[in-house]
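Source file query.txt; content: compact mmCIF, C-alpha atoms.
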```txt
# COMPACT_ATOMS: atom_id res chain seq x y z
CA MET A 30 112.82 -30.36 90.10
CA LYS A 31 113.33 -33.66 91.79
CA LYS A 32 110.08 -35.50 92.21
CA ILE A 33 109.19 -37.44 95.32
CA LEU A 34 106.98 -40.41 94.64
CA PHE A 35 104.32 -40.87 97.24
CA THR A 36 102.74 -44.33 97.42
CA LEU A 37 99.59 -44.54 99.46
CA LEU A 38 99.28 -48.11 100.68
CA SER A 39 96.19 -49.93 101.91
CA ILE A 40 94.91 -49.14 105.37
CA ILE A 41 96.78 -51.24 107.88
CA ALA A 42 95.07 -50.13 111.09
CA PHE A 43 92.08 -48.28 112.38
CA VAL A 44 92.08 -46.33 115.57
CA ALA A 45 88.56 -45.96 116.83
CA MET A 46 89.02 -42.64 118.59
CA THR A 47 90.74 -40.85 115.73
CA ASN A 48 89.75 -42.80 112.61
CA ALA A 49 93.49 -42.81 111.79
CA GLN A 50 95.12 -44.51 108.82
CA SER A 51 98.77 -45.29 108.14
CA MET A 52 100.45 -43.67 105.14
CA LYS A 53 103.98 -44.66 104.11
CA VAL A 54 106.15 -42.35 102.02
CA TYR A 55 108.82 -43.82 99.74
CA GLN A 56 111.63 -42.00 97.92
CA ASP A 57 113.72 -43.82 95.32
CA GLY A 58 112.29 -47.11 96.53
CA GLN A 59 113.20 -46.56 100.18
CA LEU A 60 110.82 -45.95 103.07
CA LYS A 61 111.35 -42.38 104.28
CA ALA A 62 108.46 -41.70 106.66
CA ILE A 63 105.24 -43.04 108.14
CA TYR A 64 102.35 -40.66 108.84
CA TYR A 65 99.10 -41.29 110.69
CA VAL A 66 96.24 -39.33 109.16
CA SER A 67 92.56 -38.99 109.94
CA LYS A 68 89.63 -38.89 107.55
CA ASP A 69 89.72 -35.09 107.67
CA ASP A 70 93.36 -34.83 106.57
CA LYS A 71 94.29 -34.22 102.94
CA VAL A 72 97.20 -35.38 100.80
CA GLU A 73 98.12 -33.38 97.69
CA PHE A 74 100.51 -34.30 94.87
CA SER A 75 102.11 -31.48 92.91
CA ASP A 76 105.29 -30.46 91.10
CA ASP A 77 104.75 -26.86 92.18
CA PHE A 78 105.44 -27.13 95.92
CA PRO A 79 108.72 -25.49 96.94
CA PHE A 80 111.11 -27.67 98.88
CA PRO A 81 111.64 -26.64 102.50
CA GLU A 82 114.81 -24.73 103.34
CA ASN A 83 117.84 -26.97 103.64
CA ASN A 84 119.04 -26.67 107.25
CA ASN A 85 122.39 -28.10 106.17
CA MET A 86 123.08 -25.25 103.76
CA VAL A 87 125.15 -22.23 104.83
CA ASN A 88 126.27 -19.45 102.48
CA GLY A 89 125.17 -21.62 99.55
CA HIS A 90 127.33 -24.56 100.65
CA GLU A 91 125.97 -27.83 102.00
CA PHE A 92 127.42 -29.94 104.80
CA VAL A 93 126.81 -33.38 106.32
CA ASP A 94 126.60 -33.94 110.06
CA LEU A 95 128.42 -37.20 110.82
CA GLY A 96 128.19 -36.69 114.58
CA LEU A 97 131.77 -35.40 114.80
CA SER A 98 133.33 -32.24 116.22
CA VAL A 99 132.96 -30.52 112.83
CA LYS A 100 130.55 -30.90 109.94
CA TRP A 101 131.97 -31.85 106.54
CA ALA A 102 131.15 -30.11 103.27
CA THR A 103 129.51 -32.30 100.63
CA CYS A 104 131.69 -30.85 97.84
CA ASN A 105 135.32 -29.94 97.28
CA VAL A 106 136.34 -26.29 97.08
CA GLY A 107 135.49 -25.18 93.55
CA ALA A 108 132.97 -27.97 92.94
CA LYS A 109 129.18 -27.76 92.59
CA LYS A 110 128.44 -31.46 93.00
CA PRO A 111 129.97 -34.14 95.27
CA GLU A 112 131.40 -36.01 92.30
CA GLU A 113 133.16 -32.96 90.81
CA ALA A 114 136.89 -32.56 91.38
CA GLY A 115 136.85 -28.83 92.07
CA GLY A 116 140.10 -26.89 92.29
CA TYR A 117 143.68 -28.01 92.87
CA TYR A 118 145.65 -25.88 95.30
CA ALA A 119 149.14 -25.82 96.68
CA TRP A 120 149.19 -25.81 100.49
CA GLY A 121 148.42 -22.28 101.63
CA GLU A 122 147.46 -21.13 98.13
CA THR A 123 144.11 -19.40 97.59
CA HIS A 124 144.17 -19.19 93.79
CA GLU A 125 144.72 -21.78 91.11
CA HIS A 126 147.62 -20.24 89.22
CA ARG A 127 151.21 -21.08 88.44
CA ASN A 128 154.53 -19.50 87.67
CA ALA A 129 156.04 -19.68 84.21
CA ASP A 130 157.98 -22.80 85.19
CA GLY A 131 154.76 -24.55 86.19
CA SER A 132 155.22 -24.23 89.94
CA TYR A 133 152.60 -22.75 92.21
CA ASN A 134 153.40 -19.13 92.96
CA MET A 135 153.94 -19.31 96.74
CA TYR A 136 156.91 -21.65 96.50
CA ILE A 137 160.53 -21.23 95.46
CA LEU A 138 162.31 -23.87 93.42
CA SER A 139 165.56 -23.89 95.32
CA SER A 140 167.18 -27.05 93.99
CA TYR A 141 166.99 -29.54 91.17
CA ASN A 142 165.31 -32.19 93.29
CA GLY A 143 162.25 -30.00 93.81
CA SER A 144 162.80 -28.83 97.38
CA TYR A 145 160.67 -25.70 97.55
CA PHE A 146 161.65 -24.53 101.05
CA TYR A 147 164.93 -23.51 102.52
CA ALA A 148 166.38 -25.55 105.36
CA GLY A 149 166.38 -24.78 109.07
CA ASP A 150 164.42 -25.85 112.11
CA GLU A 151 161.82 -23.11 111.67
CA GLY A 152 162.46 -22.28 108.03
CA TYR A 153 159.76 -24.58 106.76
CA GLN A 154 157.09 -22.47 108.42
CA TYR A 155 157.73 -19.76 105.83
CA ILE A 156 156.56 -19.26 102.26
CA SER A 157 157.74 -17.11 99.38
CA LYS A 158 155.52 -14.08 99.02
CA ASP A 159 156.28 -10.96 97.00
CA GLY A 160 159.91 -11.98 96.81
CA LYS A 161 160.24 -12.34 100.58
CA MET A 162 160.06 -15.23 103.02
CA THR A 163 156.86 -14.79 105.02
CA TYR A 164 155.99 -16.63 108.23
CA ILE A 165 152.97 -18.91 107.85
CA GLY A 166 153.17 -21.16 110.92
CA LYS A 167 152.37 -24.81 111.45
CA GLU A 168 148.58 -24.58 111.13
CA ILE A 169 146.82 -22.54 108.43
CA SER A 170 143.28 -23.83 108.94
CA GLY A 171 140.99 -20.82 109.24
CA GLN A 172 143.68 -18.28 108.29
CA ARG A 173 141.85 -16.32 105.62
CA GLU A 174 145.06 -15.33 103.84
CA TYR A 175 146.11 -18.96 103.35
CA ASP A 176 142.90 -20.99 103.63
CA VAL A 177 140.92 -20.90 100.39
CA ALA A 178 137.85 -22.41 102.07
CA THR A 179 137.63 -19.57 104.60
CA LEU A 180 138.35 -16.97 101.93
CA THR A 181 135.73 -18.14 99.43
CA MET A 182 133.05 -19.75 101.64
CA GLY A 183 132.96 -17.63 104.81
CA ASN A 184 134.50 -17.48 108.26
CA ASN A 185 132.85 -20.62 109.61
CA TRP A 186 134.25 -22.73 106.78
CA ARG A 187 137.89 -23.83 106.74
CA MET A 188 140.36 -26.56 105.85
CA PRO A 189 140.28 -29.53 108.23
CA THR A 190 143.10 -30.03 110.70
CA TYR A 191 145.14 -33.21 111.07
CA GLU A 192 143.08 -34.10 114.15
CA GLU A 193 139.77 -33.60 112.33
CA ILE A 194 140.78 -35.86 109.45
CA GLN A 195 141.92 -38.46 111.96
CA GLU A 196 138.56 -38.12 113.74
CA LEU A 197 136.81 -38.75 110.43
CA LEU A 198 138.83 -41.93 109.83
CA ASN A 199 138.31 -43.18 113.39
CA ASN A 200 134.53 -42.77 113.32
CA THR A 201 133.52 -43.91 109.84
CA THR A 202 133.61 -46.97 107.65
CA SER A 203 134.99 -46.51 104.16
CA ILE A 204 134.24 -48.25 100.86
CA TRP A 205 135.63 -47.64 97.38
CA THR A 206 133.24 -47.14 94.48
CA ASN A 207 134.06 -47.00 90.78
CA ASN A 208 130.78 -45.36 89.82
CA TYR A 209 129.32 -43.00 92.41
CA LYS A 210 125.56 -42.76 91.84
CA GLY A 211 125.97 -43.56 88.15
CA SER A 212 128.29 -40.59 87.55
CA GLY A 213 131.23 -42.70 86.36
CA ILE A 214 133.38 -41.07 89.07
CA ALA A 215 135.39 -43.23 91.45
CA GLY A 216 136.21 -42.42 95.04
CA ARG A 217 135.44 -43.22 98.67
CA ILE A 218 132.21 -43.16 100.61
CA TYR A 219 132.64 -42.57 104.34
CA THR A 220 129.70 -43.60 106.54
CA SER A 221 129.44 -42.53 110.17
CA THR A 222 129.65 -45.15 112.92
CA LYS A 223 128.51 -42.68 115.59
CA ARG A 224 125.30 -43.62 117.35
CA GLY A 225 122.38 -41.73 115.85
CA TYR A 226 124.33 -40.82 112.69
CA THR A 227 124.82 -44.18 110.98
CA ASN A 228 122.66 -43.10 108.04
CA ALA A 229 124.96 -40.14 107.32
CA SER A 230 127.67 -40.52 104.69
CA ILE A 231 129.95 -38.40 102.55
CA PHE A 232 131.69 -38.98 99.21
CA PHE A 233 135.25 -37.98 98.31
CA PRO A 234 135.96 -38.23 94.56
CA ALA A 235 139.27 -39.61 93.37
CA ALA A 236 140.22 -36.25 91.89
CA GLY A 237 143.93 -36.99 91.56
CA TYR A 238 146.51 -34.23 92.06
CA ARG A 239 148.98 -32.06 90.19
CA ASN A 240 152.74 -32.37 90.50
CA ILE A 241 154.19 -29.12 89.12
CA ASN A 242 152.22 -28.84 85.86
CA THR A 243 151.41 -32.53 85.39
CA PRO A 244 147.97 -33.89 86.35
CA SER A 245 148.06 -37.38 87.83
CA GLY A 246 145.74 -39.99 89.30
CA TYR A 247 142.34 -38.70 88.18
CA ASN A 248 139.62 -41.25 89.00
CA SER A 249 142.14 -43.57 90.65
CA GLU A 250 143.37 -41.67 93.71
CA GLY A 251 142.67 -38.64 95.84
CA LYS A 252 144.76 -36.26 97.95
CA TYR A 253 143.03 -33.83 100.28
CA TRP A 254 144.98 -31.18 102.18
CA SER A 255 144.75 -30.60 105.89
CA GLY A 256 145.83 -27.25 107.25
CA THR A 257 148.53 -28.91 109.35
CA LEU A 258 152.25 -28.91 108.66
CA CYS A 259 153.90 -32.34 108.80
CA ASP A 260 156.02 -33.00 111.89
CA ILE A 261 156.79 -36.71 111.65
CA ALA A 262 159.92 -37.52 113.64
CA ASN A 263 162.91 -39.07 111.88
CA TYR A 264 161.60 -38.23 108.42
CA ASP A 265 164.09 -35.93 106.72
CA LYS A 266 161.62 -34.33 104.31
CA ALA A 267 158.73 -33.98 106.75
CA PRO A 268 159.11 -30.23 107.37
CA ASN A 269 158.74 -29.66 103.63
CA ARG A 270 155.35 -31.33 103.60
CA ALA A 271 151.83 -31.12 105.00
CA TYR A 272 149.33 -33.79 105.95
CA THR A 273 146.71 -35.01 103.51
CA LEU A 274 143.96 -37.58 103.52
CA SER A 275 145.05 -39.83 100.65
CA PHE A 276 143.60 -42.92 99.04
CA ASP A 277 143.83 -44.85 95.78
CA SER A 278 142.18 -47.71 93.94
CA LYS A 279 144.85 -50.21 94.98
CA ASN A 280 144.54 -49.35 98.65
CA ALA A 281 140.79 -49.29 98.66
CA GLN A 282 140.12 -50.70 102.11
CA GLU A 283 141.98 -48.35 104.42
CA PRO A 284 142.52 -44.60 103.98
CA ILE A 285 146.02 -43.46 104.84
CA PHE A 286 147.83 -40.27 105.72
CA TYR A 287 150.29 -39.17 103.09
CA TYR A 288 152.43 -36.07 103.20
CA PRO A 289 153.26 -34.62 99.78
CA GLU A 290 155.47 -31.62 99.23
CA ARG A 291 153.46 -28.47 99.54
CA PHE A 292 153.79 -27.37 95.93
CA PHE A 293 151.56 -30.29 94.90
CA GLY A 294 148.12 -29.25 93.71
CA CYS A 295 145.65 -31.17 95.88
CA SER A 296 141.93 -31.07 96.58
CA ILE A 297 140.42 -29.40 99.63
CA ARG A 298 137.31 -30.65 101.42
CA PRO A 299 136.21 -27.96 103.89
CA VAL A 300 134.64 -28.38 107.31
CA PHE A 301 131.98 -26.18 108.91
CA ILE A 302 132.36 -25.07 112.52
CA GLY A 303 129.32 -22.82 113.02
CA SER A 304 125.66 -23.50 113.76
CA ASN A 305 123.03 -24.45 111.20
CA SER A 306 121.35 -21.07 111.51
CA GLN A 307 124.39 -19.15 110.30
```

What is this file in C-alpha cells?
Amino acid sequence: MKKILFTLLSIIAFVAMTNAQSMKVYQDGQLKAIYYVSKDDKVEFSDDFPFPENNNMVNGHEFVDLGLSVKWATCNVGAKKPEEAGGYYAWGETHEHRNADGSYNMYILSSYNGSYFYAGDEGYQYISKDGKMTYIGKEISGQREYDVATLTMGNNWRMPTYEEIQELLNNTTSIWTNNYKGSGIAGRIYTSTKRGYTNASIFFPAAGYRNINTPSGYNSEGKYWSGTLCDIANYDKAPNRAYTLSFDSKNAQEPIFYYPERFFGCSIRPVFIGSNSQ
C-alpha cells in the first residue's frame, strides 16, 4: 500500500476566533494540500486506512482528464500499468492472433508487395472475414465488432478518432523520456495546456509495432491506432492505411501522424466518453 508522508510543520498563524493552525501535507516531496485545523481537530497516521474511491476509474480502467472533449486512458489496451506495452492489434482486429503466414487474420495478402486490400474507390472500406469481403466503413471507433477497446473495456471506452488525436496534439506539450518514473521505459509525456488542467499529464510508452511477424522499435518508437481510415489526397497507398499517432526517439520534439498499412500490429490507447459515475 502506497504510504503518504504527512509532515506537520510549525504553526505559522493563529486565528483568535477559531484557534486555527496551518497544516501542510506533502507527498513525494511535493506540497499537495494545506488544511486549517483547530485545537479540537485530530490527525491520525495509519497504514490501515482505505484509500478513497478513485473517481477516474471506470470498469476497472483509469483515465486522465486533460480538459479535452474525451478523457484518455492511462494504459494501453492489454496493459496494467502506463509503462507496459499492452497488446498489438491490426486495425479493426479484436484479438492478438495471426495466420500461418504471420499476417493478422482479417487481411488478405493479395500481392508480393504486401498490399492487403483489393483496389477500388470503396474497396478499401472492406476487410476479409470468414472468406468474404465485409464492409467496415471509414470509422471503426466504438464499433464493438472492430474496436477492441469497446469490446473489452465497455461501451463508453473506444479507440480515438483522427480528430481526437489531433485535439490531443493541439492542446498539450510533449517531452520524450528515456526512463519513465524509473521504469527503464522510454516514451512521451503529454501535459495539458488547457486552463485549469495544466497539472494533468499522460504517458505513452514507446511500445514499437509489429510488421507481419517481426517486432520492431520497442523502446524507441510508438504507433497508436486511431479508428479513422486514411484519406490523404494524392497519396496512392492512403486507402490501404489508417491514421496513427506515431513518434520515435529521433523525432522527439514533435509528434507526427503516420499512416501504416492496416495489417501492422500497433498499440491502442483508448478514450472514455462517459461520465465519472459510470

| said: Show me, as a count of residues only, the residues that have an atom within 12 Å of region 207-222 of chain A when counting all atoms listed in the file, minus same-chain residues fewer than 6 positions from it. | reply: 48

| said: One decimal, in Å: what's the spacing between CA of Tyr287 (chain A) and CA of Ala271 (chain A)? | reply: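 Interatomic distance, CA of Tyr287 (chain A) to CA of Ala271 (chain A): 8.4 Å.
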
| query | To one decimal place, how far is CA of Lys167 (chain A) from CA of Ile302 (chain A) in Å? | reply | 20.0 Å

| query | Separation of CA of Val106 (chain A) and CA of Tyr272 (chain A), in Å? | reply |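 A separation of 17.4 Å between them.
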
| query | Which is closer to Arg239 (chain A) than all the others in A:Ser296, A:Thr257, A:Thr206, A:Ser304, using only C-alpha atoms? | reply | A:Ser296

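Nearest to His90 (chain A) of all the residues A:Thr202, A:Thr190, A:Asn105, A:Asn240 is A:Asn105, based on only C-alpha atoms.
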
| field | Long-range neighbours of Phe301 (chain A) as a list in words, 9 Å cut-off, only C-alpha atoms, 5 positions minimum in chain | value |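 Contacts, in chain order: Val87, Phe92, Val99, Lys100, Trp101, Ala102, Asn185, Trp186, Arg187, Met188 and Pro189 of chain A.
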
| Counting only C-alpha atoms, which of A:Gly225, A:Gly294, A:Gly166, A:Gly303 gets nearest to Cys259 (chain A)? |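 Checking each candidate against Cys259 (chain A), we get A:Gly166 as the closest.
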